[in-house]
Every structure is written in C-alpha cells, then in structure tokens.
file input.tsv (TSV, C-alpha atoms)
chain	number	residue	atom	x	y	z
A	56	MET	CA	179.57	-188.65	-26.25
A	57	ARG	CA	178.69	-188.07	-22.61
A	58	VAL	CA	178.74	-184.67	-20.97
A	59	PRO	CA	179.11	-183.50	-17.33
A	60	ILE	CA	175.51	-184.34	-16.45
A	61	SER	CA	174.30	-186.61	-13.68
A	62	CYS	CA	170.88	-188.21	-13.90
A	63	TYR	CA	168.91	-189.27	-10.84
A	64	ILE	CA	165.84	-191.52	-10.84
A	65	ARG	CA	163.50	-192.43	-7.97
A	66	THR	CA	162.19	-195.99	-8.04
A	67	LEU	CA	159.82	-198.39	-6.32
A	68	ASN	CA	159.10	-201.75	-7.96
A	69	GLU	CA	160.01	-200.64	-11.49
A	70	GLU	CA	161.80	-203.77	-12.73
A	71	LEU	CA	159.92	-203.75	-16.06
A	72	ARG	CA	160.86	-200.20	-17.07
A	73	ILE	CA	163.99	-199.18	-15.21
A	74	ALA	CA	166.50	-200.75	-17.63
A	75	ALA	CA	165.14	-198.77	-20.60
A	76	THR	CA	165.11	-195.57	-18.54
A	77	VAL	CA	168.69	-196.03	-17.32
A	78	ARG	CA	169.99	-196.91	-20.79
A	79	SER	CA	168.31	-193.87	-22.31
A	80	ALA	CA	169.74	-191.61	-19.59
A	81	PHE	CA	173.23	-192.80	-20.52
A	82	LEU	CA	172.71	-191.28	-23.98
A	83	VAL	CA	173.57	-187.96	-22.33
A	84	ALA	CA	174.57	-188.51	-18.70
A	85	ASP	CA	178.02	-189.37	-17.40
A	86	GLU	CA	176.44	-191.14	-14.43
A	87	VAL	CA	173.00	-192.42	-13.45
A	88	VAL	CA	171.97	-192.60	-9.81
A	89	VAL	CA	168.89	-194.59	-8.80
A	90	ILE	CA	167.28	-193.83	-5.43
A	91	ASP	CA	165.25	-196.89	-4.54
A	92	SER	CA	162.71	-196.67	-1.74
A	93	GLY	CA	162.39	-200.34	-0.86
A	94	SER	CA	161.52	-202.28	-4.00
A	95	SER	CA	160.42	-205.85	-3.42
A	96	ASP	CA	161.04	-206.88	-7.03
A	97	ALA	CA	164.25	-206.94	-9.07
A	98	THR	CA	164.45	-203.16	-9.61
A	99	VAL	CA	167.79	-202.75	-7.84
A	100	ALA	CA	169.48	-205.64	-9.64
A	101	VAL	CA	168.14	-204.57	-13.05
A	102	ALA	CA	169.22	-200.95	-12.52
A	103	GLU	CA	172.72	-201.98	-11.48
A	104	ALA	CA	173.00	-204.33	-14.46
A	105	ALA	CA	172.12	-201.39	-16.72
A	106	GLY	CA	175.00	-199.39	-15.23
A	107	ALA	CA	173.29	-197.27	-12.57
A	108	ARG	CA	174.63	-196.62	-9.09
A	109	VAL	CA	171.85	-197.50	-6.66
A	110	ILE	CA	171.19	-195.84	-3.31
A	111	GLU	CA	168.63	-197.53	-1.12
A	112	GLN	CA	166.68	-194.93	0.82
A	113	GLU	CA	163.41	-195.39	2.67
A	114	TRP	CA	160.73	-193.09	1.25
A	115	LEU	CA	161.05	-189.61	2.73
A	116	GLY	CA	158.51	-187.84	0.56
A	117	GLY	CA	158.65	-186.51	-3.00
A	118	GLY	CA	160.93	-183.51	-2.63
A	119	HIS	CA	163.09	-185.06	0.10
A	120	GLN	CA	163.69	-188.14	-2.04
A	121	LYS	CA	164.84	-186.00	-4.95
A	122	ARG	CA	167.14	-184.11	-2.60
A	123	VAL	CA	168.85	-187.42	-1.80
A	124	GLY	CA	169.42	-187.82	-5.53
A	125	GLU	CA	170.74	-184.28	-5.91
A	126	GLU	CA	173.22	-184.75	-3.08
A	127	ALA	CA	174.43	-188.10	-4.42
A	128	CYS	CA	175.25	-186.84	-7.91
A	129	ARG	CA	178.80	-186.05	-8.94
A	130	HIS	CA	178.03	-183.25	-11.41
A	131	ASP	CA	176.18	-179.97	-10.91
A	132	TRP	CA	174.09	-180.28	-14.07
A	133	LEU	CA	171.28	-182.67	-13.25
A	134	LEU	CA	168.70	-184.54	-15.30
A	135	ASP	CA	165.66	-185.51	-13.24
A	136	LEU	CA	163.86	-188.57	-14.62
A	137	ASP	CA	160.99	-190.63	-13.34
A	138	ALA	CA	161.37	-194.38	-13.69
A	139	ASP	CA	158.77	-194.44	-16.49
A	140	GLU	CA	160.41	-191.73	-18.63
A	141	VAL	CA	162.72	-192.43	-21.58
A	142	VAL	CA	165.13	-190.01	-23.25
A	143	THR	CA	164.56	-189.94	-27.01
A	144	GLU	CA	167.37	-189.67	-29.55
A	145	GLU	CA	166.07	-186.22	-30.54
A	146	LEU	CA	166.33	-184.98	-26.98
A	147	ALA	CA	169.74	-186.58	-26.51
A	148	GLU	CA	171.13	-184.81	-29.58
A	149	GLU	CA	169.71	-181.50	-28.40
A	150	ILE	CA	171.20	-181.83	-24.92
A	151	LEU	CA	174.59	-182.92	-26.26
A	152	SER	CA	174.66	-179.85	-28.49
A	153	LEU	CA	174.26	-177.62	-25.42
A	154	PHE	CA	177.59	-178.90	-24.07
A	155	HIS	CA	179.37	-179.19	-27.42
A	156	SER	CA	183.18	-178.95	-27.22
A	157	GLY	CA	183.13	-178.32	-23.48
A	158	THR	CA	180.87	-175.26	-23.57
A	159	VAL	CA	178.41	-174.62	-20.74
A	160	PRO	CA	174.85	-173.46	-21.43
A	161	ALA	CA	174.04	-169.84	-20.66
A	162	GLU	CA	170.67	-170.91	-19.29
A	163	HIS	CA	170.09	-172.42	-15.85
A	164	VAL	CA	166.95	-174.51	-16.38
A	165	PHE	CA	165.58	-176.38	-19.40
A	166	ARG	CA	161.94	-177.36	-19.86
A	167	ILE	CA	161.39	-180.61	-21.74
A	168	PRO	CA	158.14	-181.79	-23.40
A	169	LEU	CA	156.64	-185.08	-22.21
A	170	LEU	CA	154.89	-187.27	-24.76
A	171	TYR	CA	152.58	-189.83	-23.17
A	172	VAL	CA	152.77	-193.41	-24.37
A	173	ASP	CA	149.50	-195.26	-23.76
A	174	PRO	CA	149.17	-198.98	-22.93
A	175	ALA	CA	148.59	-199.73	-26.62
A	176	GLY	CA	152.07	-198.34	-27.35
A	177	ARG	CA	150.85	-195.19	-29.15
A	178	ILE	CA	152.90	-192.03	-28.64
A	179	TRP	CA	150.60	-189.05	-28.13
A	180	ARG	CA	151.97	-186.64	-30.69
A	181	LYS	CA	148.65	-184.90	-31.36
A	182	ALA	CA	147.76	-183.87	-27.81
A	183	ARG	CA	149.36	-180.85	-26.19
A	184	ALA	CA	152.51	-182.04	-24.46
A	185	PRO	CA	153.15	-180.78	-20.92
A	186	ARG	CA	156.60	-179.35	-20.28
A	187	ARG	CA	158.59	-180.01	-17.14
A	188	ALA	CA	161.78	-178.48	-15.79
A	189	LYS	CA	163.95	-181.58	-15.98
A	190	LEU	CA	167.48	-180.39	-16.74
A	191	TYR	CA	168.98	-177.82	-14.40
A	192	ASP	CA	172.07	-176.47	-12.65
A	193	ARG	CA	171.84	-177.35	-8.96
A	194	ARG	CA	174.15	-174.45	-8.12
A	195	GLN	CA	171.30	-172.17	-9.17
A	196	ILE	CA	168.18	-174.01	-8.03
A	197	ARG	CA	167.26	-177.02	-5.91
A	198	VAL	CA	164.18	-179.21	-5.55
A	199	PRO	CA	162.19	-178.10	-2.48
A	200	ALA	CA	162.87	-180.15	0.65
A	201	HIS	CA	159.20	-181.05	1.06
A	202	ALA	CA	157.34	-184.28	1.71
A	203	ALA	CA	154.54	-183.56	-0.80
A	204	TRP	CA	155.99	-181.22	-3.44
A	205	ASP	CA	158.79	-182.25	-5.79
A	206	GLN	CA	158.67	-179.52	-8.45
A	207	PHE	CA	160.54	-176.27	-7.97
A	208	GLU	CA	159.25	-172.80	-8.68
A	209	ILE	CA	161.72	-171.03	-10.90
A	210	PRO	CA	162.72	-167.49	-9.82
A	211	GLU	CA	162.41	-164.83	-12.49
A	212	ALA	CA	166.13	-164.10	-12.25
A	213	LEU	CA	167.05	-167.51	-13.65
A	214	ARG	CA	167.38	-168.05	-17.39
A	215	VAL	CA	165.03	-170.72	-18.71
A	216	ARG	CA	164.92	-172.33	-22.16
A	217	ARG	CA	162.51	-174.73	-23.82
A	218	LEU	CA	163.88	-177.81	-25.54
A	219	GLU	CA	162.00	-179.47	-28.39
A	220	GLY	CA	163.24	-183.06	-28.13
A	221	PRO	CA	160.77	-185.02	-25.96
A	222	LEU	CA	160.81	-187.50	-23.16
A	223	LEU	CA	158.53	-190.50	-23.64
A	224	HIS	CA	156.35	-190.93	-20.57
A	225	HIS	CA	154.93	-194.41	-19.96
A	226	ALA	CA	152.59	-193.03	-17.32
A	227	PHE	CA	150.21	-195.96	-16.89
A	228	ASP	CA	149.95	-199.68	-17.60
A	229	ASP	CA	146.15	-199.58	-17.80
A	230	ILE	CA	143.32	-197.35	-16.59
A	231	ALA	CA	143.05	-199.16	-13.25
A	232	HIS	CA	146.78	-198.55	-12.68
A	233	LEU	CA	146.37	-194.87	-13.58
A	234	SER	CA	143.48	-194.49	-11.13
A	235	ARG	CA	145.37	-196.17	-8.28
A	236	LYS	CA	148.55	-194.20	-8.98
A	237	GLN	CA	146.85	-190.81	-9.19
A	238	THR	CA	144.64	-191.43	-6.17
A	239	ALA	CA	147.58	-192.54	-4.01
A	240	HIS	CA	149.49	-189.43	-5.09
A	241	GLU	CA	146.66	-187.13	-4.04
A	242	ILE	CA	146.19	-188.88	-0.70
A	243	ARG	CA	149.90	-188.50	0.08
A	244	ARG	CA	149.77	-184.84	-0.88
A	245	ILE	CA	146.73	-184.07	1.29
A	246	ARG	CA	148.44	-185.48	4.38
A	247	HIS	CA	151.03	-182.73	4.14
A	248	LEU	CA	148.80	-179.82	3.15
A	249	ALA	CA	147.35	-177.42	5.69
A	250	THR	CA	143.58	-177.52	6.16
A	251	ARG	CA	142.00	-175.22	3.61
A	252	GLY	CA	138.39	-174.26	3.23
A	253	GLY	CA	136.52	-171.29	1.90
A	254	ARG	CA	134.53	-170.59	-1.22
A	255	SER	CA	137.33	-171.37	-3.68
A	256	VAL	CA	137.74	-174.95	-2.50
A	257	ALA	CA	133.98	-175.48	-2.15
A	258	LEU	CA	133.42	-174.16	-5.68
A	259	LYS	CA	135.89	-176.67	-7.08
A	260	VAL	CA	134.14	-179.47	-5.19
A	261	TYR	CA	130.69	-178.65	-6.54
A	262	ALA	CA	131.58	-177.37	-10.01
A	263	GLY	CA	135.19	-178.28	-10.73
A	264	LEU	CA	134.86	-181.79	-12.13
A	265	PRO	CA	133.34	-180.85	-15.53
A	266	TYR	CA	135.88	-178.04	-15.92
A	267	PHE	CA	138.82	-180.31	-15.09
A	268	PHE	CA	137.61	-182.78	-17.72
A	269	PHE	CA	137.09	-179.98	-20.29
A	270	ARG	CA	140.60	-178.69	-19.67
A	271	ASN	CA	142.16	-182.16	-19.93
A	272	TYR	CA	140.19	-183.42	-22.90
A	273	ILE	CA	139.49	-180.31	-25.01
A	274	LEU	CA	142.02	-177.62	-24.14
A	275	ARG	CA	144.94	-180.06	-23.97
A	276	ARG	CA	143.69	-181.72	-27.17
A	277	ARG	CA	143.60	-185.24	-25.77
A	278	TRP	CA	140.42	-185.76	-27.76
A	279	ARG	CA	142.78	-186.35	-30.66
A	280	GLU	CA	144.25	-189.44	-29.01
A	281	GLY	CA	141.25	-191.78	-29.28
A	282	ALA	CA	139.70	-193.88	-26.51
A	283	TYR	CA	142.72	-193.67	-24.22
A	284	GLY	CA	142.72	-189.88	-24.55
A	285	PHE	CA	139.13	-189.84	-23.27
A	286	MET	CA	139.71	-192.34	-20.45
A	287	PHE	CA	142.94	-190.65	-19.36
A	288	SER	CA	141.27	-187.23	-19.30
A	289	LEU	CA	138.30	-188.47	-17.29
A	290	THR	CA	140.43	-190.37	-14.76
A	291	THR	CA	142.87	-187.52	-14.14
A	292	ALA	CA	140.00	-185.01	-13.93
A	293	TYR	CA	138.41	-187.11	-11.19
A	294	THR	CA	141.60	-187.53	-9.17
A	295	HIS	CA	142.28	-183.78	-9.48
A	296	TRP	CA	138.75	-183.13	-8.19
A	297	LEU	CA	139.41	-185.64	-5.39
A	298	ARG	CA	142.18	-183.38	-4.05
A	299	TYR	CA	139.69	-180.57	-3.44
A	300	ALA	CA	137.06	-182.95	-2.10
A	301	MET	CA	139.53	-184.22	0.51
A	302	LEU	CA	140.62	-180.67	1.35
A	303	HIS	CA	136.98	-179.65	1.79
A	304	GLU	CA	136.28	-182.66	3.96
A	305	LYS	CA	139.38	-181.94	6.03
A	306	HIS	CA	138.11	-178.39	6.58
A	307	LEU	CA	134.59	-179.55	7.52
A	308	LEU	CA	135.88	-182.06	10.06
A	309	SER	CA	138.32	-179.56	11.53
A	310	THR	CA	135.52	-176.99	11.89
A	311	ARG	CA	133.26	-179.54	13.55
A	312	ARG	CA	135.95	-180.54	16.04
A	313	THR	CA	136.60	-176.89	16.87
A	314	LYS	CA	132.92	-176.26	17.55
A	315	ALA	CA	132.69	-179.41	19.67
A	316	ARG	CA	135.27	-178.00	22.04
call {"tool": "encode", "arguments": {"input": "input.tsv", "output": "structure tokens"}}
result
Amino acid sequence: MRVPISCYIRTLNEELRIAATVRSAFLVADEVVVIDSGSSDATVAVAEAAGARVIEQEWLGGGHQKRVGEEACRHDWLLDLDADEVVTEELAEEILSLFHSGTVPAEHVFRIPLLYVDPAGRIWRKARAPRRAKLYDRRQIRVPAHAAWDQFEIPEALRVRRLEGPLLHHAFDDIAHLSRKQTAHEIRRIRHLATRGGRSVALKVYAGLPYFFFRNYILRRRWREGAYGFMFSLTTAYTHWLRYAMLHEKHLLSTRRTKAR
C-alpha cells in the first residue's frame, strides 16, 4: 500500500546504493524523485530503472538542492532521504499506519532514528541513534533556501512526533571515505558562514577536540560498537573540530587584513 507521500533524494555518483534506497522509499512513497547534481557514473540510469523520476540539477548548495526536490514533488507530505539511507520494514509499517484508511496525521513533522551501518555490515543498535526530521508536511515547513544548511529549525507551534522504526544509514565505505566526506562537508559550510571569532570559537579550537571525541564515543555510546565505533568517533570529532579551526583562521586572516589597511 502506498500513501500520498513523495520522497526526494539528492545524488552524486551513488550508483552502488541508489537502487536500494529508491526501492525502500517505494515501500511508503507514491513517487520517488531523484535530484542528481552531475553524476559521472550510472546513478541516473540505475535510479530510473528502480522507478524514480530523475531531475538533473547542477549543485546549488545543500538547502537549495532540497528545495528543488520539494518543488518537484507531487504530494505535500515529503520524505527526505539521503542516497545512503534505506527505509526499514519497521519504519514503513509505522508510516503506513499514520495514513491508514485515508486519514491524515495530526502532527506536522516526524523525527526518525538513524542506525549507522558500518563497512563490515554491522547495524549499530547499541549506540545512541540520532534522530532527524525526515517526514514532514511542506505546507507547514520548508527546508531553508541556503547554500550551506539543509536542516530546518522547527517552530514551537508545529506538532512533532518521534517514530521508532529506523532508517539504515550507510554513512561511509571506509574510514578514508568518511574523512574525505566529512572534511569536504565542513569546507563547503565554511565558505558560506560569516567570519566568526571571539573566545567561544578560540576555546573550541584549543580545547574542543577531546570534548568532541568524549561526546561522540562515550555520551553517544559508540564505544559499544567496537573498533569502527572508536574510529568513527575520532574521525567525526576531528572534522567537527576542523570547522572551528577554519572559522578561527578565517577570523585571524580577516583581522590581519583589516589592520594592514
């Protein structure tokens, strides 16, 4: 049974994963729209073969690219998936129940847990799963039209509900891939952020790295996921620290140029 939900997916060179993502989206969605930003592999052909409608759009930035997906969808209820995320049967059943017999949910936004799947194929069921606002009514809220940010802030007036069925997130092929992916993401983000300095940023530069690792590894319980839990926590802590290092550097260089004038 499909319900009046459209799913949109941004892609770039995702030929190995996109078929599974599209097929899983069709467990709940009436249509799947892929927004491809110039793949040089077989992503477009594979997505179309899996039943998706593909829109080829040069990369505009995270939020802008999602806006293209929002505008292209036929239905107002939208499921936002990354190309490495897979809808589980548990989540599909839960979403279908929300629209049972033509009913419409009373809530406007649904937060869904993401379970990481590491390169060894293990699903991280012991670590604390992050939750993302992935299913929403576009008549109530839209992704920000921003080059760097692609997650919306939910106004207090909107009704939000947590779902328990998870998405499986194949976030990285290996540690080198994770490092490249995270670093590229932070570099893109910094380009669109205003220069920020001050004690808060400097404190994160000089003392933030051990805290970021502690938060990732201990507080989020990734220590329970073996060697990959440790390596993932350390890599993402470093790339998070890198954001503040680049912000601090940007501030220092801006200050130096100002004084040189």
call {"tool": "atom_distance", "arguments": {"input": "input.tsv", "atom1": "CA of Arg277 in chain A", "atom2": "CA of Leu289 in chain A"}}
result
10.5 Å
call {"tool": "closest_residue", "arguments": {"input": "input.tsv", "among": "A:Ala182, A:Leu222, A:Ile209, A:Ala127", "to": "Thr76 in chain A", "atoms": "all atoms listed in the file"}}
result
A:Leu222
call {"tool": "closest_atom_pairs", "arguments": {"input": "input.tsv", "of": "range 149-251 of chain A", "to": "range 78-83 of chain A", "cutoff": "12 Å", "atoms": "all atoms listed in the file", "output": "tab-separated table"}}
result
residue	atom	partner	partner_atom	distance
A:Glu149	CA	A:Val83	CA	9.7
A:Ile150	CA	A:Val83	CA	7.1
A:Leu151	CA	A:Val83	CA	6.5
A:Ser152	CA	A:Val83	CA	10.2
A:Leu153	CA	A:Val83	CA	10.8
A:Phe154	CA	A:Val83	CA	10.1
A:His155	CA	A:Val83	CA	11.7
A:Leu190	CA	A:Val83	CA	11.2
A:Leu222	CA	A:Ser79	CA	9.9
A:Leu223	CA	A:Ser79	CA	10.4
call {"tool": "closest_residue", "arguments": {"input": "input.tsv", "among": "A:Thr313, A:Ser61, A:Ser288, A:Asn271", "to": "Val88 in chain A", "atoms": "all atoms listed in the file"}}
result
A:Ser61
call {"tool": "residues_around", "arguments": {"input": "input.tsv", "residues": "Tyr283 in chain A", "least_positions_apart": "5", "cutoff": "12 Å", "atoms": "only C-alpha atoms", "output": "list in words"}}
result
Tyr171, Val172, Asp173, Pro174, Ala175, Gly176, Arg177, Ile178, Trp179, Ala182, Phe227, Asp228, Asp229, Ile230, Leu233, Tyr272, Arg277, Trp278, Ser288, Leu289, Thr290 and Thr291 of chain A
call {"tool": "residues_around", "arguments": {"input": "input.tsv", "residues": "Gly118 in chain A", "least_positions_apart": "4", "cutoff": "10 Å", "atoms": "all atoms listed in the file", "output": "short mmCIF file (atom, residue, chain, number, x, y, z; two decimals) with C-alpha atoms, keeping the file's coordinate frame"}}
result
data_model
loop_
_atom_site.label_atom_id
_atom_site.label_comp_id
_atom_site.auth_asym_id
_atom_site.auth_seq_id
_atom_site.Cartn_x
_atom_site.Cartn_y
_atom_site.Cartn_z
CA ARG A 122 167.14 -184.11 -2.60
CA VAL A 123 168.85 -187.42 -1.80
CA GLY A 124 169.42 -187.82 -5.53
CA ARG A 197 167.26 -177.02 -5.91
CA VAL A 198 164.18 -179.21 -5.55
CA PRO A 199 162.19 -178.10 -2.48
CA ALA A 200 162.87 -180.15 0.65
CA HIS A 201 159.20 -181.05 1.06
CA ALA A 202 157.34 -184.28 1.71
CA ALA A 203 154.54 -183.56 -0.80
CA TRP A 204 155.99 -181.22 -3.44
CA ASP A 205 158.79 -182.25 -5.79
CA GLN A 206 158.67 -179.52 -8.45
CA PHE A 207 160.54 -176.27 -7.97
#
call {"tool": "closest_residue", "arguments": {"input": "input.tsv", "among": "A:Arg166, A:His295, A:Arg183, A:His130", "to": "Leu274 in chain A", "atoms": "all atoms listed in the file"}}
result
A:Arg183
call {"tool": "atom_distance", "arguments": {"input": "input.tsv", "atom1": "CA of Leu67 in chain A", "atom2": "CA of Ser92 in chain A"}}
result
5.7 Å
call {"tool": "residues_around", "arguments": {"input": "input.tsv", "residues": "His240 in chain A", "least_positions_apart": "4", "cutoff": "10 Å", "atoms": "all atoms listed in the file", "output": "PyMOL selection string"}}
result
chain A and resi 117+203+234-236+244-245+294+298
call {"tool": "closest_residue", "arguments": {"input": "input.tsv", "among": "A:Gly253, A:Ala300, A:Arg279, A:Glu69", "to": "Ala100 in chain A", "atoms": "only C-alpha atoms"}}
result
A:Glu69
call {"tool": "residues_around", "arguments": {"input": "input.tsv", "residues": "Arg216 in chain A", "least_positions_apart": "3", "cutoff": "7 Å", "atoms": "all atoms listed in the file", "output": "list in words"}}
result
Glu162, Val164, Phe165 and Arg166 of chain A
call {"tool": "closest_residue", "arguments": {"input": "input.tsv", "among": "A:Arg194, A:Ala188, A:Ala74, A:Pro168", "to": "Glu208 in chain A", "atoms": "all atoms listed in the file"}}
result
A:Ala188
call {"tool": "atom_distance", "arguments": {"input": "input.tsv", "atom1": "CA of Ser255 in chain A", "atom2": "CA of Arg312 in chain A"}}
result
21.8 Å
call {"tool": "closest_residue", "arguments": {"input": "input.tsv", "among": "A:Lys121, A:Glu113, A:Glu219, A:Val58", "to": "Val159 in chain A", "atoms": "only C-alpha atoms"}}
result
A:Val58
call {"tool": "residues_around", "arguments": {"input": "input.tsv", "residues": "Ser94 in chain A", "least_positions_apart": "2", "cutoff": "12 Å", "atoms": "only C-alpha atoms", "output": "list in words"}}
result
Arg65, Thr66, Leu67, Asn68, Glu69, Glu70, Ile73, Val89, Ile90, Asp91, Ser92, Asp96, Ala97, Thr98, Val99, Ala100, Val101, Ala102, Val109, Ile110, Glu111, Gln112, Glu113 and Trp114 of chain A
call {"tool": "write_last_selection", "arguments": {"input": "input.tsv", "atoms": "C-alpha atoms", "output": "PDB file, in the coordinates of the input"}}
result
ATOM      1  CA  ARG A  65     163.500-192.430  -7.970  1.00  0.00           C
ATOM      2  CA  THR A  66     162.190-195.990  -8.040  1.00  0.00           C
ATOM      3  CA  LEU A  67     159.820-198.390  -6.320  1.00  0.00           C
ATOM      4  CA  ASN A  68     159.100-201.750  -7.960  1.00  0.00           C
ATOM      5  CA  GLU A  69     160.010-200.640 -11.490  1.00  0.00           C
ATOM      6  CA  GLU A  70     161.800-203.770 -12.730  1.00  0.00           C
ATOM      7  CA  ILE A  73     163.990-199.180 -15.210  1.00  0.00           C
ATOM      8  CA  VAL A  89     168.890-194.590  -8.800  1.00  0.00           C
ATOM      9  CA  ILE A  90     167.280-193.830  -5.430  1.00  0.00           C
ATOM     10  CA  ASP A  91     165.250-196.890  -4.540  1.00  0.00           C
ATOM     11  CA  SER A  92     162.710-196.670  -1.740  1.00  0.00           C
ATOM     12  CA  ASP A  96     161.040-206.880  -7.030  1.00  0.00           C
ATOM     13  CA  ALA A  97     164.250-206.940  -9.070  1.00  0.00           C
ATOM     14  CA  THR A  98     164.450-203.160  -9.610  1.00  0.00           C
ATOM     15  CA  VAL A  99     167.790-202.750  -7.840  1.00  0.00           C
ATOM     16  CA  ALA A 100     169.480-205.640  -9.640  1.00  0.00           C
ATOM     17  CA  VAL A 101     168.140-204.570 -13.050  1.00  0.00           C
ATOM     18  CA  ALA A 102     169.220-200.950 -12.520  1.00  0.00           C
ATOM     19  CA  VAL A 109     171.850-197.500  -6.660  1.00  0.00           C
ATOM     20  CA  ILE A 110     171.190-195.840  -3.310  1.00  0.00           C
ATOM     21  CA  GLU A 111     168.630-197.530  -1.120  1.00  0.00           C
ATOM     22  CA  GLN A 112     166.680-194.930   0.820  1.00  0.00           C
ATOM     23  CA  GLU A 113     163.410-195.390   2.670  1.00  0.00           C
ATOM     24  CA  TRP A 114     160.730-193.090   1.250  1.00  0.00           C
TER      25      TRP A 114
END
call {"tool": "decode", "arguments": {"input": "input.tsv", "residues": "range 181-241 of chain A", "atoms": "C-alpha atoms", "output": "compact mmCIF listing (two decimals), in the first residue's frame"}}
result
# COMPACT_ATOMS: atom_id res chain seq x y z
CA LYS A 181 23.79 -0.38 20.75
CA ALA A 182 24.91 3.20 20.15
CA ARG A 183 22.55 6.11 20.67
CA ALA A 184 20.78 6.72 17.37
CA PRO A 185 20.50 10.32 16.18
CA ARG A 186 17.03 11.43 15.13
CA ARG A 187 16.35 13.58 12.10
CA ALA A 188 13.22 15.35 10.90
CA LYS A 189 12.70 13.36 7.71
CA LEU A 190 8.95 13.17 7.15
CA TYR A 191 7.04 16.45 7.04
CA ASP A 192 4.19 18.46 5.57
CA ARG A 193 5.65 21.07 3.22
CA ARG A 194 2.54 23.23 3.68
CA GLN A 195 3.73 23.77 7.25
CA ILE A 196 7.52 23.90 6.95
CA ARG A 197 10.16 24.07 4.23
CA VAL A 198 13.88 23.35 4.06
CA PRO A 199 15.82 26.64 4.31
CA ALA A 200 16.89 28.09 0.96
CA HIS A 201 20.55 28.15 1.96
CA ALA A 202 23.76 27.03 0.30
CA ALA A 203 25.26 25.50 3.47
CA TRP A 204 22.34 24.49 5.70
CA ASP A 205 19.84 21.80 4.75
CA GLN A 206 18.10 21.09 8.06
CA PHE A 207 15.13 23.16 9.17
CA GLU A 208 14.52 24.55 12.62
CA ILE A 209 11.07 23.52 13.74
CA PRO A 210 8.88 26.30 15.19
CA GLU A 211 7.32 25.55 18.56
CA ALA A 212 3.85 25.94 17.08
CA LEU A 213 4.26 22.84 14.91
CA ARG A 214 3.33 19.41 16.23
CA VAL A 215 6.26 16.98 16.19
CA ARG A 216 6.26 13.23 16.84
CA ARG A 217 9.02 10.67 17.18
CA LEU A 218 8.83 7.47 15.18
CA GLU A 219 10.53 4.28 16.38
CA GLY A 220 11.13 2.46 13.10
CA PRO A 221 14.65 3.34 11.87
CA LEU A 222 16.38 4.32 8.70
CA LEU A 223 19.58 2.40 7.97
CA HIS A 224 22.38 4.86 7.23
CA HIS A 225 25.31 3.54 5.19
CA ALA A 226 27.33 6.64 6.02
CA PHE A 227 30.80 5.53 4.94
CA ASP A 228 32.52 2.92 2.81
CA ASP A 229 35.71 3.03 4.88
CA ILE A 230 37.43 5.42 7.28
CA ALA A 231 39.25 7.23 4.47
CA HIS A 232 35.90 7.82 2.74
CA LEU A 233 34.39 9.12 5.99
CA SER A 234 37.28 11.54 6.49
CA ARG A 235 37.08 12.89 2.93
CA LYS A 236 33.29 13.19 3.07
CA GLN A 237 33.18 14.98 6.42
CA THR A 238 36.08 17.29 5.58
CA ALA A 239 34.54 18.30 2.24
CA HIS A 240 31.25 19.00 4.01
CA GLU A 241 32.90 21.30 6.54
